Amino acid sequence: MSKGNEITRRGFMTRVGQGLVAANVTGMLLKDASAQLVVPEPPGKKLGWAIVGLGSLSIHQILPAFAQCEKSKVVALVSGHPDKAAKLALRYGVNQKNIYNYQNYDSLKDNPEVDIIYIVLPNGMHCEYTVRGLQAGKHVLSEKPMANTPAECQQMIDAGRKANRKLMVAYRCRYEPYNQEAIRVARSNELGKTKVILADAGFNMSDPNQWRLKKDLAGGGSLMDIGIYALQAARYLTGEEPAEVNAMMYSTPGDPRFKEVEEAINFQLRFPSGILANCTSSYGYAWQSHYRVVKSEGWLEMDPATAYSGLRMRVHQGNMIEEKDLPVVDHFAAEMEHMSGCVMENKEPLTPGEEGLRDLTIMKALYEAAKTGRTVKL
Ligand code: NAD
């Protein structure tokens with residue numbers, strides 16, 4: 001079989017693996033599809049979620065994702081806009097009595113329907129609402145970046161320990177098959193040893209009034225919001241923590257968007273095993289979301305790597321490039337199901353508060369490296 005045919009065969013077998021094609025590959029014997037029909041069991045116990053902050057991410061991604069969850073249901077909404085919350089409550093079957101605002105948020109402690117709180121507010125508000133949520137006796141999932149500073153992250157971790165409640169950071173890419181497969185290959189001896197990671201993350205910020213451009217609400221510029229994906233990728237692909245970092249920052253002079261925070265930051269990481277990472281992060285270029293793991297005998301590339309859907313992986317070995325065909329999942333459903341499962345089974349989440357703290361600590365070092373023009377050791 002030629003190498004070209006090999007690619008086709010793998011793609012076909014993957015689809016069979018997903019149950020989309022009812023065929024016996026060796027005998028090419030097609031079976032009666034109805035014989036394969038599996039009637040799903042009724043859902044078991046679902047944990048109740050409260051969504052805090054009804055902005056773009058909550059409306060377009062998180063609330064719709066509950067339809068794909070077996071262990072998680074939305075039961076409460078927290079918002080400063082009662083009309084918006086009432087409308088969304090009607091759409092998602094949330095009892096109107098379970099609509100809260102930022103003032104009566106703490107009274108969630110008296111609502112036994114709520115098990116887990118999902119913080120989807122501007123970054124500068126994550127710490128306060130996470131700590132208050134934990135003090136209300138609820139488990140908390142916080143959006144990324146975990147907070148504005150490492151000190152805030154530590155405060156959130158301490159509050160979780162004190163309340164004996166779980167704290168997870170919403171690094172959705174860790175819960176979906178493409179990035180999981182990239183991690184497996186990058187950390188294995190397949191394609192040889194990993195030598196370099198190249199990762200780019202950015203988009204052209206169109207709204208000059210965005211909270212993302214305000215230092216107190218965002219914590220920083222493109223690095224905090226989107227460059228964190230490149231940093232995360234370098235860390236999860238190596239499974240190591242960087243030993244030292246370099247960085248260079250730039251904001252277009254006179255651009256009113258970048259009065260308080262940086263437009264772009266390019267950075268390098270050196271990991272203890274000798275793997276080097278080159279990353280870029282920007283609010284000034286067209287949307288970028290890709291990484292390449294360069295190994296001694298081949299490379300693996302994801303482009304897009306971190307989009308909500310349509311992820312693509314190419315693997316190069318010898319003179320062949322193979323495009324991988326993996327199961328597609330809703331990233332937000334997957335991460336919420338993981339959190340619900342951890343609460344049900346009393347397990348530590350894959351991306352606990354400590355993982356968010358590690359990113360904030362490195363980002364702080366990157367800003368220091370950029371400001372001083374010096375390599376910063378960690
Ligand atoms: P958004 O601006 O669309 O929504 C923010 C919400 O917070 C709005 O409903 C707004 O009314 C509310 N809010 C309350 N107090 C506010 C204040 N003082 N200033 C501004 N807004 C205030 O933002 P978003 O895109 O939904 O982002 C929310 C969080 O989710 C951020 O932490 C962001 O980094 C994160 N996020 C994560 C992903 C991901 O893929 N995991 C994607 C987008 C955003």
# chains A, B, ... in the order shown; residues from 1 in each chain; ligands from 1
call {"tool": "closest_atom_pairs", "arguments": {"of": "chain A", "to": "ligand 1", "cutoff": "10 Å", "atoms": "only C-alpha atoms and all ligand atoms", "output": "tab-separated table"}}
result
residue	atom	partner	partner_atom_place_in_ligand_line	distance
A:Val52	CA	ligand 1	7 (O)	7.9
A:Gly53	CA	ligand 1	7 (O)	4.5
A:Leu54	CA	ligand 1	9 (O)	4.0
A:Gly55	CA	ligand 1	4 (O)	3.3
A:Ser56	CA	ligand 1	3 (O)	3.6
A:Leu57	CA	ligand 1	26 (O)	3.8
A:Ser58	CA	ligand 1	26 (O)	5.9
A:Ile59	CA	ligand 1	26 (O)	7.9
A:His60	CA	ligand 1	26 (O)	8.7
A:Gln61	CA	ligand 1	42 (C)	8.6
A:Ile62	CA	ligand 1	41 (N)	9.5
A:Val78	CA	ligand 1	9 (O)	9.4
A:Ser79	CA	ligand 1	9 (O)	6.8
A:Gly80	CA	ligand 1	11 (O)	6.5
A:His81	CA	ligand 1	11 (O)	7.3
A:Lys84	CA	ligand 1	9 (O)	9.2
A:Ala85	CA	ligand 1	9 (O)	9.8
A:Asn101	CA	ligand 1	14 (C)	9.8
A:Tyr102	CA	ligand 1	14 (C)	8.3
A:Tyr118	CA	ligand 1	30 (O)	9.9
A:Ile119	CA	ligand 1	29 (C)	7.5
A:Val120	CA	ligand 1	29 (C)	4.4
A:Leu121	CA	ligand 1	7 (O)	4.2
A:Pro122	CA	ligand 1	32 (O)	4.6
A:Asn123	CA	ligand 1	32 (O)	4.4
A:Gly124	CA	ligand 1	32 (O)	8.1
A:Met125	CA	ligand 1	15 (N)	7.6
A:His126	CA	ligand 1	32 (O)	7.3
A:Ser142	CA	ligand 1	32 (O)	8.0
A:Glu143	CA	ligand 1	32 (O)	5.1
A:Lys144	CA	ligand 1	34 (O)	5.1
A:Pro145	CA	ligand 1	34 (O)	5.9
A:Met146	CA	ligand 1	32 (O)	7.7
A:Ala147	CA	ligand 1	32 (O)	8.2
A:Asn148	CA	ligand 1	32 (O)	9.9
A:Val169	CA	ligand 1	41 (N)	9.2
A:Ala170	CA	ligand 1	41 (N)	6.0
A:Tyr171	CA	ligand 1	41 (N)	6.3
A:Arg172	CA	ligand 1	41 (N)	6.0
A:Cys173	CA	ligand 1	40 (O)	8.4
A:Gln210	CA	ligand 1	2 (O)	7.1
A:Trp211	CA	ligand 1	20 (C)	5.6
A:Arg212	CA	ligand 1	2 (O)	8.0
A:Lys214	CA	ligand 1	19 (N)	9.4
A:Asp216	CA	ligand 1	18 (N)	9.6
A:Leu217	CA	ligand 1	19 (N)	6.9
A:Ala218	CA	ligand 1	32 (O)	7.9
A:Met224	CA	ligand 1	34 (O)	7.8
A:Asp225	CA	ligand 1	34 (O)	5.4
A:Ile226	CA	ligand 1	34 (O)	8.1
A:Ile228	CA	ligand 1	34 (O)	9.7
A:Tyr229	CA	ligand 1	40 (O)	9.2
A:Thr306	CA	ligand 1	40 (O)	8.0
A:Ala307	CA	ligand 1	40 (O)	7.8
A:Tyr308	CA	ligand 1	40 (O)	7.1
A:His331	CA	ligand 1	40 (O)	8.6
A:Phe332	CA	ligand 1	41 (N)	8.0
A:Glu335	CA	ligand 1	41 (N)	9.9
call {"tool": "write_last_selection", "arguments": {"atoms": "C-alpha atoms", "output": "PDB file, in the first residue's frame"}}
result
ATOM      1  CA  VAL A  52     -21.348  34.333  37.199  1.00  0.00           C
ATOM      2  CA  GLY A  53     -21.094  37.001  34.484  1.00  0.00           C
ATOM      3  CA  LEU A  54     -23.327  36.732  31.436  1.00  0.00           C
ATOM      4  CA  GLY A  55     -21.040  38.123  28.736  1.00  0.00           C
ATOM      5  CA  SER A  56     -19.927  36.791  25.394  1.00  0.00           C
ATOM      6  CA  LEU A  57     -18.332  33.567  26.608  1.00  0.00           C
ATOM      7  CA  SER A  58     -21.236  32.600  28.867  1.00  0.00           C
ATOM      8  CA  ILE A  59     -23.900  33.345  26.251  1.00  0.00           C
ATOM      9  CA  HIS A  60     -22.216  31.864  23.188  1.00  0.00           C
ATOM     10  CA  GLN A  61     -20.282  28.923  24.623  1.00  0.00           C
ATOM     11  CA  ILE A  62     -20.916  27.973  28.236  1.00  0.00           C
ATOM     12  CA  VAL A  78     -25.462  35.847  38.555  1.00  0.00           C
ATOM     13  CA  SER A  79     -25.556  39.118  36.628  1.00  0.00           C
ATOM     14  CA  GLY A  80     -25.731  42.891  36.995  1.00  0.00           C
ATOM     15  CA  HIS A  81     -28.389  42.986  34.260  1.00  0.00           C
ATOM     16  CA  LYS A  84     -30.620  39.711  30.397  1.00  0.00           C
ATOM     17  CA  ALA A  85     -30.527  37.177  33.213  1.00  0.00           C
ATOM     18  CA  ASN A 101     -26.778  39.934  41.320  1.00  0.00           C
ATOM     19  CA  TYR A 102     -23.333  40.964  42.569  1.00  0.00           C
ATOM     20  CA  TYR A 118     -18.301  29.173  37.268  1.00  0.00           C
ATOM     21  CA  ILE A 119     -16.615  32.612  37.316  1.00  0.00           C
ATOM     22  CA  VAL A 120     -16.805  34.184  33.837  1.00  0.00           C
ATOM     23  CA  LEU A 121     -16.036  37.800  34.771  1.00  0.00           C
ATOM     24  CA  PRO A 122     -13.181  40.120  33.724  1.00  0.00           C
ATOM     25  CA  ASN A 123      -9.856  38.791  35.046  1.00  0.00           C
ATOM     26  CA  GLY A 124      -9.516  41.431  37.768  1.00  0.00           C
ATOM     27  CA  MET A 125     -12.754  40.172  39.377  1.00  0.00           C
ATOM     28  CA  HIS A 126     -11.880  36.432  39.424  1.00  0.00           C
ATOM     29  CA  SER A 142     -12.534  30.133  37.383  1.00  0.00           C
ATOM     30  CA  GLU A 143     -11.956  31.289  33.823  1.00  0.00           C
ATOM     31  CA  LYS A 144      -8.401  31.924  32.650  1.00  0.00           C
ATOM     32  CA  PRO A 145      -6.218  33.756  33.488  1.00  0.00           C
ATOM     33  CA  MET A 146      -6.891  32.679  37.051  1.00  0.00           C
ATOM     34  CA  ALA A 147      -6.387  36.257  38.373  1.00  0.00           C
ATOM     35  CA  ASN A 148      -4.328  39.406  37.822  1.00  0.00           C
ATOM     36  CA  VAL A 169      -9.009  26.830  36.314  1.00  0.00           C
ATOM     37  CA  ALA A 170     -10.860  26.623  32.991  1.00  0.00           C
ATOM     38  CA  TYR A 171      -8.036  25.515  30.707  1.00  0.00           C
ATOM     39  CA  ARG A 172     -10.466  23.914  28.262  1.00  0.00           C
ATOM     40  CA  CYS A 173      -7.794  22.671  25.810  1.00  0.00           C
ATOM     41  CA  GLN A 210     -12.905  46.615  25.989  1.00  0.00           C
ATOM     42  CA  TRP A 211     -12.163  45.824  29.633  1.00  0.00           C
ATOM     43  CA  ARG A 212      -9.284  43.736  28.191  1.00  0.00           C
ATOM     44  CA  LYS A 214      -7.832  48.294  31.110  1.00  0.00           C
ATOM     45  CA  ASP A 216      -7.092  46.883  36.609  1.00  0.00           C
ATOM     46  CA  LEU A 217      -9.684  44.617  34.950  1.00  0.00           C
ATOM     47  CA  ALA A 218      -7.329  42.673  32.653  1.00  0.00           C
ATOM     48  CA  MET A 224      -2.843  37.746  29.967  1.00  0.00           C
ATOM     49  CA  ASP A 225      -5.707  37.130  27.555  1.00  0.00           C
ATOM     50  CA  ILE A 226      -4.384  35.245  24.545  1.00  0.00           C
ATOM     51  CA  ILE A 228      -1.451  32.569  27.887  1.00  0.00           C
ATOM     52  CA  TYR A 229      -2.516  29.919  25.325  1.00  0.00           C
ATOM     53  CA  THR A 306      -7.004  26.352  20.564  1.00  0.00           C
ATOM     54  CA  ALA A 307     -10.125  27.441  18.631  1.00  0.00           C
ATOM     55  CA  TYR A 308     -13.468  26.287  20.040  1.00  0.00           C
ATOM     56  CA  HIS A 331     -14.495  21.985  25.101  1.00  0.00           C
ATOM     57  CA  PHE A 332     -16.697  23.683  27.689  1.00  0.00           C
ATOM     58  CA  GLU A 335     -14.171  20.797  31.216  1.00  0.00           C
TER      59      GLU A 335
END
call {"tool": "select_by_dssp", "arguments": {"residues": "stretch 52-206 of chain A", "states": "strand (DSSP E or B)", "output": "PyMOL selection string"}}
result
chain A and resi 52+72-78+99-100+116-119+139-142+167-169+194-202
call {"tool": "residues_around", "arguments": {"residues": "stretch 129-139 of chain A", "least_positions_apart": "2", "cutoff": "10 Å", "atoms": "only C-alpha atoms", "output": "ChimeraX atom specification"}}
result
/A:49-50,52,102,105-112,114-121,124-127,141-142,146-147,152-153,155-168,339-340,343
call {"tool": "select_by_dssp", "arguments": {"residues": "stretch 179-374 of chain A", "states": "alpha helix (DSSP H)", "output": "ChimeraX atom specification"}}
result
/A:179-187,215-218,222,228-238,331-345,353-372
call {"tool": "closest_residue", "arguments": {"among": "A:Leu198, A:Lys371, A:Leu360, A:Ala243", "to": "A:Pro272", "atoms": "only C-alpha atoms"}}
result
A:Ala243
call {"tool": "closest_residue", "arguments": {"among": "A:Lys45, A:Lys97, A:Lys195, A:His290", "to": "A:Lys73", "atoms": "only C-alpha atoms"}}
result
A:Lys45
call {"tool": "closest_residue", "arguments": {"among": "A:Phe258, A:Tyr250, A:Trp299, A:Phe271", "to": "A:Asn319", "atoms": "only C-alpha atoms"}}
result
A:Trp299
call {"tool": "residues_around", "arguments": {"residues": "A:Ala365", "least_positions_apart": "3", "cutoff": "12 Å", "atoms": "only C-alpha atoms", "output": "number ranges by chain"}}
result
A: 149-150, 223, 242-248, 267-269, 358-362, 368-378
call {"tool": "closest_residue", "arguments": {"among": "A:Ile183, A:Met336, A:Leu191, A:Leu213", "to": "A:Cys69", "atoms": "only C-alpha atoms"}}
result
A:Met336
call {"tool": "decode", "arguments": {"residues": "stretch 166-180 of chain A", "atoms": "N, CA and C atoms", "output": "CSV table (one decimal), in the first residue's frame"}}
result
chain,number,residue,atom,x,y,z
A,166,LYS,N,-13.3,22.4,46.1
A,166,LYS,CA,-12.4,22.3,44.9
A,166,LYS,C,-12.3,23.6,44.1
A,167,LEU,N,-11.1,23.8,43.6
A,167,LEU,CA,-10.9,25.0,42.8
A,167,LEU,C,-10.2,24.6,41.5
A,168,MET,N,-10.8,24.9,40.4
A,168,MET,CA,-10.2,24.5,39.1
A,168,MET,C,-10.1,25.7,38.2
A,169,VAL,N,-9.1,25.7,37.3
A,169,VAL,CA,-9.0,26.8,36.3
A,169,VAL,C,-9.4,26.3,35.0
A,170,ALA,N,-10.2,27.1,34.2
A,170,ALA,CA,-10.9,26.6,33.0
A,170,ALA,C,-9.9,26.6,31.8
A,171,TYR,N,-8.9,25.7,31.8
A,171,TYR,CA,-8.0,25.5,30.7
A,171,TYR,C,-8.6,24.4,29.8
A,172,ARG,N,-9.6,24.9,29.0
A,172,ARG,CA,-10.5,23.9,28.3
A,172,ARG,C,-9.7,23.0,27.3
A,173,CYS,N,-8.5,23.5,26.8
A,173,CYS,CA,-7.8,22.7,25.8
A,173,CYS,C,-7.3,21.4,26.4
A,174,ARG,N,-7.1,21.4,27.7
A,174,ARG,CA,-6.6,20.1,28.4
A,174,ARG,C,-7.6,19.0,28.4
A,175,TYR,N,-8.9,19.4,28.0
A,175,TYR,CA,-10.0,18.4,28.1
A,175,TYR,C,-10.5,17.9,26.8
A,176,GLU,N,-9.7,18.2,25.7
A,176,GLU,CA,-10.3,17.8,24.4
A,176,GLU,C,-9.2,17.0,23.7
A,177,PRO,N,-9.7,16.1,22.8
A,177,PRO,CA,-8.8,15.0,22.3
A,177,PRO,C,-7.6,15.5,21.4
A,178,TYR,N,-7.7,16.6,20.7
A,178,TYR,CA,-6.6,17.0,19.8
A,178,TYR,C,-5.4,17.4,20.6
A,179,ASN,N,-5.6,18.3,21.6
A,179,ASN,CA,-4.5,18.8,22.4
A,179,ASN,C,-4.0,17.6,23.3
A,180,GLN,N,-4.9,16.7,23.7
A,180,GLN,CA,-4.4,15.6,24.5
A,180,GLN,C,-3.5,14.7,23.7
